[in-house]
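Student: This is protein.cif, which holds mmCIF, C-alpha atoms:
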data_data
#
loop_
_atom_site.label_atom_id
_atom_site.label_comp_id
_atom_site.auth_asym_id
_atom_site.auth_seq_id
_atom_site.Cartn_x
_atom_site.Cartn_y
_atom_site.Cartn_z
CA MET A 1045 -29.01 -4.40 -9.37
CA GLN A 1046 -29.86 -7.50 -7.41
CA THR A 1047 -26.88 -9.05 -5.66
CA TRP A 1048 -27.00 -12.25 -7.64
CA GLU A 1049 -27.13 -10.29 -10.89
CA ALA A 1050 -23.98 -8.38 -9.88
CA ILE A 1051 -22.19 -11.60 -8.91
CA ALA A 1052 -23.16 -13.24 -12.20
CA ALA A 1053 -22.39 -10.16 -14.31
CA ARG A 1054 -18.92 -9.40 -12.96
CA ARG A 1055 -16.31 -10.25 -15.53
CA ASN A 1056 -12.78 -9.04 -16.27
CA VAL A 1057 -13.10 -5.83 -18.25
CA ARG A 1058 -9.96 -4.43 -19.85
CA GLU A 1059 -11.36 -2.13 -22.52
CA PHE A 1060 -13.22 0.86 -21.27
CA SER A 1061 -15.56 3.39 -22.87
CA ALA A 1062 -15.00 7.14 -22.59
CA ARG A 1063 -18.01 7.45 -20.27
CA PRO A 1064 -16.73 8.89 -17.00
CA VAL A 1065 -17.25 7.21 -13.65
CA LEU A 1066 -18.74 9.76 -11.29
CA PRO A 1067 -17.01 10.67 -8.02
CA ALA A 1068 -20.03 9.37 -6.06
CA GLU A 1069 -19.76 6.04 -7.87
CA LEU A 1070 -16.05 5.80 -7.07
CA ASP A 1071 -16.75 6.62 -3.43
CA ARG A 1072 -19.33 3.86 -3.23
CA ILE A 1073 -16.88 1.35 -4.70
CA LEU A 1074 -14.18 2.44 -2.23
CA GLU A 1075 -16.67 2.28 0.64
CA ALA A 1076 -17.38 -1.36 -0.24
CA GLY A 1077 -13.66 -2.04 0.11
CA ARG A 1078 -13.45 -0.13 3.38
CA ARG A 1079 -16.26 -2.22 4.85
CA ALA A 1080 -14.65 -5.56 4.00
CA PRO A 1081 -13.65 -7.74 6.93
CA SER A 1082 -10.03 -8.46 7.87
CA ALA A 1083 -8.06 -10.64 10.28
CA ASN A 1084 -8.73 -9.26 13.77
CA ASN A 1085 -10.23 -6.26 11.99
CA ARG A 1086 -6.70 -4.96 11.51
CA GLN A 1087 -7.58 -3.35 8.18
CA HIS A 1088 -4.13 -3.62 6.65
CA ARG A 1089 -5.06 -1.79 3.49
CA ASP A 1090 -5.10 1.64 2.00
CA PHE A 1091 -6.58 2.60 -1.34
CA VAL A 1092 -4.93 5.11 -3.67
CA LEU A 1093 -7.47 6.34 -6.19
CA CYS A 1094 -5.97 7.43 -9.50
CA THR A 1095 -8.05 9.31 -12.07
CA GLU A 1096 -5.56 11.51 -13.97
CA ARG A 1097 -4.77 10.20 -17.44
CA ASP A 1098 -1.01 10.82 -17.12
CA GLN A 1099 -0.87 8.89 -13.88
CA LEU A 1100 -2.99 6.04 -15.25
CA GLN A 1101 -0.69 5.76 -18.26
CA ALA A 1102 2.36 5.64 -16.01
CA LEU A 1103 0.69 3.05 -13.74
CA ALA A 1104 -0.03 0.90 -16.78
CA GLN A 1105 3.74 0.50 -17.22
CA ASN A 1106 4.08 -0.95 -13.72
CA TRP A 1107 3.35 -4.52 -14.69
CA GLN A 1108 3.16 -6.38 -17.98
CA TRP A 1109 -0.44 -7.46 -17.40
CA GLY A 1110 -1.55 -4.02 -16.26
CA ARG A 1111 -1.56 -2.24 -19.61
CA HIS A 1112 -5.35 -1.82 -19.52
CA VAL A 1113 -4.99 0.57 -16.57
CA ALA A 1114 -4.00 3.27 -19.09
CA GLY A 1115 -7.51 3.42 -20.54
CA SER A 1116 -9.46 3.04 -17.31
CA ALA A 1117 -11.68 5.81 -15.97
CA ALA A 1118 -10.06 5.29 -12.59
CA THR A 1119 -7.81 2.76 -10.92
CA VAL A 1120 -7.69 1.85 -7.25
CA VAL A 1121 -4.25 0.77 -6.05
CA VAL A 1122 -4.47 -1.45 -2.97
CA VAL A 1123 -1.58 -0.91 -0.58
CA VAL A 1124 -0.64 -2.90 2.53
CA PRO A 1125 2.09 -2.56 5.15
CA VAL A 1126 5.28 -4.44 4.24
CA PRO A 1127 4.56 -7.71 6.07
CA ALA A 1128 6.70 -8.72 9.03
CA THR A 1129 6.25 -12.47 8.49
CA SER A 1130 5.06 -14.81 5.76
CA ARG A 1131 1.93 -15.45 7.81
CA ASP A 1132 1.24 -11.71 7.88
CA ALA A 1133 1.79 -11.56 4.14
CA GLU A 1134 -0.72 -14.35 3.57
CA LEU A 1135 -3.38 -12.86 5.84
CA ASP A 1136 -2.99 -9.43 4.25
CA MET A 1137 -3.35 -10.96 0.80
CA PHE A 1138 -6.49 -12.84 1.86
CA ASP A 1139 -7.93 -9.62 3.24
CA ALA A 1140 -6.94 -7.66 0.15
CA GLY A 1141 -8.75 -10.27 -1.94
CA GLN A 1142 -11.88 -9.78 0.15
CA ALA A 1143 -11.73 -5.99 -0.23
CA VAL A 1144 -11.08 -6.18 -3.97
CA MET A 1145 -13.98 -8.58 -4.52
CA ALA A 1146 -16.31 -6.28 -2.59
CA MET A 1147 -15.18 -3.33 -4.74
CA MET A 1148 -15.60 -5.25 -7.98
CA LEU A 1149 -19.13 -6.34 -7.03
CA ALA A 1150 -20.05 -2.81 -5.96
CA ALA A 1151 -18.76 -1.67 -9.36
CA ALA A 1152 -20.68 -4.36 -11.24
CA ASP A 1153 -23.80 -3.28 -9.38
CA LEU A 1154 -23.42 0.14 -11.03
CA GLY A 1155 -22.68 -1.36 -14.46
CA ILE A 1156 -19.00 -0.47 -14.06
CA GLY A 1157 -16.45 -3.00 -15.25
CA SER A 1158 -13.27 -3.90 -13.41
CA GLY A 1159 -10.04 -5.63 -14.29
CA HIS A 1160 -7.39 -6.14 -11.66
CA ALA A 1161 -3.69 -6.72 -12.09
CA SER A 1162 -0.76 -7.31 -9.78
CA VAL A 1163 1.77 -4.65 -8.89
CA GLY A 1164 5.10 -5.41 -10.56
CA ASP A 1165 7.53 -2.60 -9.88
CA GLN A 1166 7.25 -1.48 -6.25
CA ALA A 1167 9.87 1.25 -6.65
CA GLN A 1168 7.97 2.80 -9.56
CA LEU A 1169 4.72 2.61 -7.59
CA ARG A 1170 6.31 4.35 -4.59
CA ARG A 1171 7.73 7.11 -6.77
CA LEU A 1172 4.50 7.62 -8.68
CA LEU A 1173 2.06 7.55 -5.76
CA GLY A 1174 4.28 8.61 -2.87
CA VAL A 1175 3.74 5.30 -1.07
CA PRO A 1176 6.14 5.18 1.90
CA GLU A 1177 8.85 2.51 2.28
CA SER A 1178 6.78 0.97 5.08
CA HIS A 1179 4.09 -0.04 2.58
CA GLN A 1180 3.81 -1.88 -0.73
CA GLY A 1181 1.28 -2.28 -3.51
CA VAL A 1182 -0.76 -5.46 -3.84
CA CYS A 1183 -2.81 -4.83 -6.92
CA MET A 1184 -4.39 -2.29 -9.22
CA VAL A 1185 -8.14 -2.43 -9.81
CA ALA A 1186 -8.92 -0.70 -13.10
CA LEU A 1187 -12.48 0.64 -13.36
CA GLY A 1188 -14.66 1.97 -16.14
CA TYR A 1189 -17.77 1.38 -18.17
CA PRO A 1190 -17.05 -1.43 -20.64
CA ALA A 1191 -16.20 -0.45 -24.22
CA GLY A 1192 -17.99 -3.55 -25.50
CA GLN A 1193 -20.99 -5.41 -24.13
CA PRO A 1194 -22.51 -3.85 -21.01
CA LEU A 1195 -22.35 -6.00 -17.90
CA ALA A 1196 -25.04 -8.66 -17.83
CA PRO A 1197 -25.26 -12.02 -16.09
CA LEU A 1198 -22.94 -14.49 -17.81
CA LYS A 1199 -24.57 -17.67 -19.03
CA LYS A 1200 -21.31 -19.56 -19.35
CA VAL A 1201 -18.29 -19.14 -17.11
CA ASP A 1202 -14.83 -20.53 -17.77
CA ARG A 1203 -14.52 -22.39 -14.49
CA ARG A 1204 -13.98 -25.93 -13.26
CA PRO A 1205 -17.34 -27.75 -13.01
CA PHE A 1206 -19.37 -27.25 -9.85
CA ALA A 1207 -19.32 -30.96 -9.02
CA GLU A 1208 -15.53 -30.99 -9.20
CA VAL A 1209 -15.01 -27.92 -7.02
CA VAL A 1210 -17.62 -28.77 -4.40
CA HIS A 1211 -17.11 -31.78 -2.13
CA ARG A 1212 -19.96 -32.83 0.12
CA GLY A 1213 -18.90 -33.82 3.61
CA LYS A 1214 -15.70 -35.50 2.41
CA TRP A 1215 -13.05 -34.73 -0.20
CA MET B 1205 -31.70 -7.98 -2.04
CA GLN B 1206 -30.00 -5.11 -3.81
CA THR B 1207 -26.22 -5.50 -4.03
CA TRP B 1208 -25.47 -2.46 -1.91
CA GLU B 1209 -27.86 -3.72 0.77
CA ALA B 1210 -26.01 -7.06 0.87
CA ILE B 1211 -22.62 -5.31 1.06
CA ALA B 1212 -23.85 -3.05 3.85
CA ALA B 1213 -25.66 -5.83 5.74
CA ARG B 1214 -22.84 -8.37 5.80
CA ARG B 1215 -21.43 -8.69 9.29
CA ASN B 1216 -19.64 -11.43 11.20
CA VAL B 1217 -22.29 -13.78 12.52
CA ARG B 1218 -21.23 -16.39 15.07
CA GLU B 1219 -24.52 -17.34 16.68
CA PHE B 1220 -26.95 -19.11 14.46
CA SER B 1221 -30.68 -19.90 14.71
CA ALA B 1222 -32.02 -23.43 14.24
CA ARG B 1223 -33.56 -22.44 10.89
CA PRO B 1224 -32.02 -24.69 8.27
CA VAL B 1225 -30.25 -23.36 5.21
CA LEU B 1226 -31.74 -25.06 2.18
CA PRO B 1227 -29.59 -27.08 -0.22
CA ALA B 1228 -30.47 -24.67 -3.06
CA GLU B 1229 -29.29 -21.75 -0.91
CA LEU B 1230 -26.00 -23.50 -0.16
CA ASP B 1231 -25.51 -24.27 -3.83
CA ARG B 1232 -26.02 -20.64 -4.73
CA ILE B 1233 -23.45 -19.55 -2.14
CA LEU B 1234 -20.96 -22.12 -3.44
CA GLU B 1235 -21.65 -21.06 -7.02
CA ALA B 1236 -20.70 -17.49 -6.09
CA GLY B 1237 -17.37 -18.84 -4.86
CA ARG B 1238 -16.87 -20.94 -7.96
CA ARG B 1239 -17.38 -17.90 -10.20
CA ALA B 1240 -14.80 -15.75 -8.39
CA PRO B 1241 -11.75 -14.73 -10.43
CA SER B 1242 -8.25 -16.06 -9.76
CA ALA B 1243 -4.69 -15.48 -10.93
CA ASN B 1244 -4.51 -16.71 -14.54
CA ASN B 1245 -7.88 -18.30 -13.86
CA ARG B 1246 -6.02 -21.15 -12.17
CA GLN B 1247 -8.85 -21.71 -9.67
CA HIS B 1248 -6.68 -23.04 -6.87
CA ARG B 1249 -9.58 -23.78 -4.57
CA ASP B 1250 -11.90 -26.53 -3.60
CA PHE B 1251 -14.85 -26.22 -1.26
CA VAL B 1252 -15.78 -28.93 1.22
CA LEU B 1253 -19.36 -28.42 2.37
CA CYS B 1254 -20.08 -29.73 5.87
CA THR B 1255 -23.63 -29.99 7.18
CA GLU B 1256 -23.58 -32.91 9.64
CA ARG B 1257 -23.69 -31.80 13.26
CA ASP B 1258 -21.00 -34.28 14.38
CA GLN B 1259 -18.64 -33.07 11.71
CA LEU B 1260 -19.36 -29.40 12.44
CA GLN B 1261 -18.64 -29.99 16.12
CA ALA B 1262 -15.36 -31.68 15.30
CA LEU B 1263 -14.43 -28.88 12.87
CA ALA B 1264 -15.10 -26.33 15.60
CA GLN B 1265 -12.18 -27.85 17.53
CA ASN B 1266 -9.80 -27.17 14.65
CA TRP B 1267 -8.95 -23.63 15.65
CA GLN B 1268 -9.42 -21.58 18.76
CA TRP B 1269 -11.40 -18.89 16.94
CA GLY B 1270 -13.56 -21.40 15.08
CA ARG B 1271 -15.81 -22.53 17.93
CA HIS B 1272 -18.90 -20.99 16.29
CA VAL B 1273 -18.65 -23.56 13.48
CA ALA B 1274 -20.26 -26.09 15.86
CA GLY B 1275 -23.59 -24.27 15.77
CA SER B 1276 -23.62 -23.33 12.10
CA ALA B 1277 -26.19 -24.72 9.69
CA ALA B 1278 -23.35 -25.48 7.30
CA THR B 1279 -19.68 -24.65 6.97
CA VAL B 1280 -17.68 -24.34 3.77
CA VAL B 1281 -14.03 -25.30 4.17
CA VAL B 1282 -11.85 -23.63 1.53
CA VAL B 1283 -8.96 -25.84 0.43
CA VAL B 1284 -6.00 -24.96 -1.82
CA PRO B 1285 -3.03 -26.93 -3.16
CA VAL B 1286 -0.01 -26.83 -0.85
CA PRO B 1287 1.84 -23.88 -2.42
CA ALA B 1288 5.17 -24.44 -4.14
CA THR B 1289 6.49 -20.94 -3.41
CA SER B 1290 5.68 -18.03 -1.12
CA ARG B 1291 4.41 -16.12 -4.17
CA ASP B 1292 2.03 -18.98 -4.92
CA ALA B 1293 0.89 -18.97 -1.33
CA GLU B 1294 0.15 -15.25 -1.48
CA LEU B 1295 -1.74 -15.44 -4.78
CA ASP B 1296 -3.80 -18.37 -3.57
CA MET B 1297 -4.68 -16.49 -0.39
CA PHE B 1298 -5.71 -13.42 -2.38
CA ASP B 1299 -7.90 -15.59 -4.59
CA ALA B 1300 -9.36 -17.43 -1.59
CA GLY B 1301 -10.24 -14.05 -0.12
CA GLN B 1302 -12.06 -13.11 -3.30
CA ALA B 1303 -14.02 -16.38 -3.33
CA VAL B 1304 -14.90 -16.12 0.36
CA MET B 1305 -16.13 -12.54 -0.02
CA ALA B 1306 -18.32 -13.56 -2.96
CA MET B 1307 -19.78 -16.41 -0.89
CA MET B 1308 -20.43 -14.17 2.12
CA LEU B 1309 -22.21 -11.57 -0.03
CA ALA B 1310 -24.27 -14.25 -1.77
CA ALA B 1311 -25.20 -15.49 1.70
CA ALA B 1312 -26.06 -12.00 2.97
CA ASP B 1313 -28.28 -11.56 -0.09
CA LEU B 1314 -30.35 -14.50 1.18
CA GLY B 1315 -30.39 -13.21 4.77
CA ILE B 1316 -27.87 -15.86 5.76
CA GLY B 1317 -25.11 -14.86 8.14
CA SER B 1318 -21.48 -15.90 7.82
CA GLY B 1319 -18.48 -15.97 10.08
CA HIS B 1320 -15.15 -17.15 8.80
CA ALA B 1321 -12.19 -18.49 10.72
CA SER B 1322 -8.72 -19.73 9.85
CA VAL B 1323 -7.80 -23.38 9.76
CA GLY B 1324 -5.53 -24.23 12.69
CA ASP B 1325 -4.81 -27.95 12.71
CA GLN B 1326 -4.16 -29.16 9.16
CA ALA B 1327 -3.69 -32.78 10.23
CA GLN B 1328 -7.07 -32.83 11.96
CA LEU B 1329 -8.68 -31.24 8.90
CA ARG B 1330 -7.17 -33.85 6.61
CA ARG B 1331 -8.34 -36.69 8.84
CA LEU B 1332 -11.84 -35.29 9.25
CA LEU B 1333 -12.50 -34.32 5.62
CA GLY B 1334 -10.21 -36.69 3.74
CA VAL B 1335 -8.22 -33.78 2.29
CA PRO B 1336 -5.14 -35.21 0.53
CA GLU B 1337 -1.57 -34.34 1.58
CA SER B 1338 -1.26 -32.31 -1.62
CA HIS B 1339 -3.79 -29.80 -0.30
CA GLN B 1340 -4.40 -27.70 2.80
CA GLY B 1341 -7.21 -25.77 4.39
CA VAL B 1342 -7.30 -21.99 4.25
CA CYS B 1343 -10.43 -21.13 6.16
CA MET B 1344 -13.83 -22.24 7.34
CA VAL B 1345 -16.87 -20.16 6.42
CA ALA B 1346 -19.65 -20.87 8.90
CA LEU B 1347 -23.15 -20.18 7.58
CA GLY B 1348 -26.59 -19.91 9.09
CA TYR B 1349 -29.48 -17.59 9.77
CA PRO B 1350 -28.48 -15.27 12.62
CA ALA B 1351 -29.73 -16.13 16.11
CA GLY B 1352 -30.06 -12.44 16.93
CA GLN B 1353 -30.87 -9.48 14.69
CA PRO B 1354 -31.59 -10.40 11.08
CA LEU B 1355 -29.14 -9.00 8.56
CA ALA B 1356 -29.83 -5.36 7.72
CA PRO B 1357 -27.61 -2.57 6.43
CA LEU B 1358 -25.26 -1.46 9.21
CA LYS B 1359 -25.39 2.22 10.04
CA LYS B 1360 -22.05 2.20 11.85
CA VAL B 1361 -19.07 0.08 10.94
CA ASP B 1362 -15.97 -0.42 13.04
CA ARG B 1363 -13.48 0.65 10.40
CA ARG B 1364 -10.80 3.28 9.89
CA PRO B 1365 -12.36 6.51 8.56
CA PHE B 1366 -12.93 6.74 4.82
CA ALA B 1367 -10.67 9.80 4.50
CA GLU B 1368 -7.82 7.92 6.17
CA VAL B 1369 -8.11 4.78 4.04
CA VAL B 1370 -8.65 6.52 0.71
CA HIS B 1371 -5.84 8.60 -0.80
CA ARG B 1372 -6.61 10.68 -3.87
CA GLY B 1373 -3.90 10.57 -6.50
CA LYS B 1374 -1.07 10.56 -3.99
CA TRP B 1375 -0.46 8.86 -0.62
#
Starting from the coordinates I provided, produce the structure as structure tokens.

Tutor:
Amino acid sequence: MQTWEAIAARRNVREFSARPVLPAELDRILEAGRRAPSANNRQHRDFVLCTERDQLQALAQNWQWGRHVAGSAATVVVVVPVPATSRDAELDMFDAGQAVMAMMLAAADLGIGSGHASVGDQAQLRRLLGVPESHQGVCMVALGYPAGQPLAPLKKVDRRPFAEVVHRGKW
Amino acid sequence: MQTWEAIAARRNVREFSARPVLPAELDRILEAGRRAPSANNRQHRDFVLCTERDQLQALAQNWQWGRHVAGSAATVVVVVPVPATSRDAELDMFDAGQAVMAMMLAAADLGIGSGHASVGDQAQLRRLLGVPESHQGVCMVALGYPAGQPLAPLKKVDRRPFAEVVHRGKW
């Protein structure tokens, strides 16, 4: 897919078809996240890839807006070190956002939908995935081919108007 | 460009050629940012587009690692509301990271390099861009055609190994 097509086709997908996502596709999506930039290239992120149905169903209970994880073909849990300062926390979140966006666009490029959700229950996440106390979950990126309409560039997006968001030279 | 090519070709660019970036190219980059997802679709972000050399030179003084802004063809300053809570701050940073990544990939797709830097001096930013007290700068995304090698997929990336970053099923 052309880059612009992937950018325009990405949408939140929360209902997934039974079509599997191939290991090579998952690796490409994860590689996009690995390549993302970070503050001082510190790469404060690890990705836990979950593909077993039991685990996905348990993960879906982690957060009230993460129920769609249960039906995903795979979910990537983004994990960062427990931040030492609020500034660290903010930089790690910015960097996680960059990595997640790269993964979602790499997925869209393959026709694979994505729907991300926060992590709610850190203790449950640690138990379920064996994440050490030194680290915490940031979000879960559910992946799968869409159950409904395939990905295609969106004609209308539910966003503030361009002229309101973009200021030229001055606020 | 194909999406994967843009993902693989994106690198930090801090030296820019004199080749101008066209208004239509800038609008496409900004549109990629506008389309990015956000927590509850709250879209806590505004983009201030700077293209005047005087303003870019002044912006470059805002932060010690932002000197390359001076020579950019254009710089997008990402602005968010002053957060009410630390959780708000973290969500807004995550969302800003998503928008910035989308803009950098849209730029790479056009062969345009990008190099982002934090905002250091909020007071200077407010003075220079007329940003209200209710808002603050998150980062500056400098844009321009690279002075050196054109963008092309990177064969080697300075990142932690894939097998270290990616955990399968369990940490």

Student: If you measure from CA of Ala1128 (chain A) to CA of Pro1081 (chain A), what distance in Å do you get, rounded to one decimal?

Tutor: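 Result for CA of Ala1128 (chain A) versus CA of Pro1081 (chain A): 20.5 Å, one decimal.
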
Student: If we draw a sphere of 10 Å around (-16.5, 3.0, -5.2), which residues have at least one atom in it when counting all atoms listed in the file? Please report them as a PDB file with C-alpha atoms, keeping the file's coordinate frame.

Tutor:
ATOM      1  CA  VAL A1065     -17.250   7.210 -13.650  1.00  0.00           C
ATOM      2  CA  LEU A1066     -18.740   9.760 -11.290  1.00  0.00           C
ATOM      3  CA  PRO A1067     -17.010  10.670  -8.020  1.00  0.00           C
ATOM      4  CA  ALA A1068     -20.030   9.370  -6.060  1.00  0.00           C
ATOM      5  CA  GLU A1069     -19.760   6.040  -7.870  1.00  0.00           C
ATOM      6  CA  LEU A1070     -16.050   5.800  -7.070  1.00  0.00           C
ATOM      7  CA  ASP A1071     -16.750   6.620  -3.430  1.00  0.00           C
ATOM      8  CA  ARG A1072     -19.330   3.860  -3.230  1.00  0.00           C
ATOM      9  CA  ILE A1073     -16.880   1.350  -4.700  1.00  0.00           C
ATOM     10  CA  LEU A1074     -14.180   2.440  -2.230  1.00  0.00           C
ATOM     11  CA  GLU A1075     -16.670   2.280   0.640  1.00  0.00           C
ATOM     12  CA  ALA A1076     -17.380  -1.360  -0.240  1.00  0.00           C
ATOM     13  CA  GLY A1077     -13.660  -2.040   0.110  1.00  0.00           C
ATOM     14  CA  ARG A1078     -13.450  -0.130   3.380  1.00  0.00           C
ATOM     15  CA  LEU A1093      -7.470   6.340  -6.190  1.00  0.00           C
ATOM     16  CA  VAL A1120      -7.690   1.850  -7.250  1.00  0.00           C
ATOM     17  CA  ALA A1146     -16.310  -6.280  -2.590  1.00  0.00           C
ATOM     18  CA  MET A1147     -15.180  -3.330  -4.740  1.00  0.00           C
ATOM     19  CA  MET A1148     -15.600  -5.250  -7.980  1.00  0.00           C
ATOM     20  CA  LEU A1149     -19.130  -6.340  -7.030  1.00  0.00           C
ATOM     21  CA  ALA A1150     -20.050  -2.810  -5.960  1.00  0.00           C
ATOM     22  CA  ALA A1151     -18.760  -1.670  -9.360  1.00  0.00           C
ATOM     23  CA  LEU A1154     -23.420   0.140 -11.030  1.00  0.00           C
ATOM     24  CA  ILE A1156     -19.000  -0.470 -14.060  1.00  0.00           C
ATOM     25  CA  LEU A1187     -12.480   0.640 -13.360  1.00  0.00           C
TER      26      LEU A1187
END

Student: My list of candidates is A:Pro1205, A:Thr1129, A:Gln1142, A:Leu1169. Which is closest to chain B when distances are computed with all atoms listed in the file?

Tutor: A:Gln1142

Student: For region 1115-1117 of chain A, work out the shell of residues within 9 Å, counting only C-alpha atoms and skipping chain neighbours fewer than 2 positions away, then give it as a ChimeraX atom specification.

Tutor: /A:1058-1065,1094-1097,1100-1101,1104,1111-1113,1119,1158,1186-1189

Student: Could you state the separation of CA of Gly1164 (chain A) and CA of Gln1087 (chain A) in Å, given to one decimal place?

Tutor: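 The value is 22.7 Å.
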
Student: With 7 Å as the limit and counting all atoms listed in the file, what residues in chain B lie close to chain A? Please list them as a ChimeraX atom specification.

Tutor: /B:1205-1208,1210-1211,1236,1239,1250-1254,1293-1294,1297-1302,1305-1306,1310,1313,1333-1335,1363,1369-1375

Student: CA of Leu1263 (chain B) and CA of Gln1353 (chain B), how far apart in Å?

Tutor: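 Interatomic distance, CA of Gln1353 (chain B) to CA of Leu1263 (chain B): 25.5 Å.
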
Student: Choose the residue, out of B:Val1217, B:Val1284, B:Val1323, B:Ala1356, that has the smallest atom-to-atom separation from Glu1337 (chain B); count only C-alpha atoms.

Tutor: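 With only C-alpha atoms as the atom set, the closest residue is B:Val1284.
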
Student: Using all atoms listed in the file, which residue out of B:Pro1287, B:Asp1325, B:Gly1319, B:Gln1340 lies closest to Gln1268 (chain B)?

Tutor: B:Asp1325
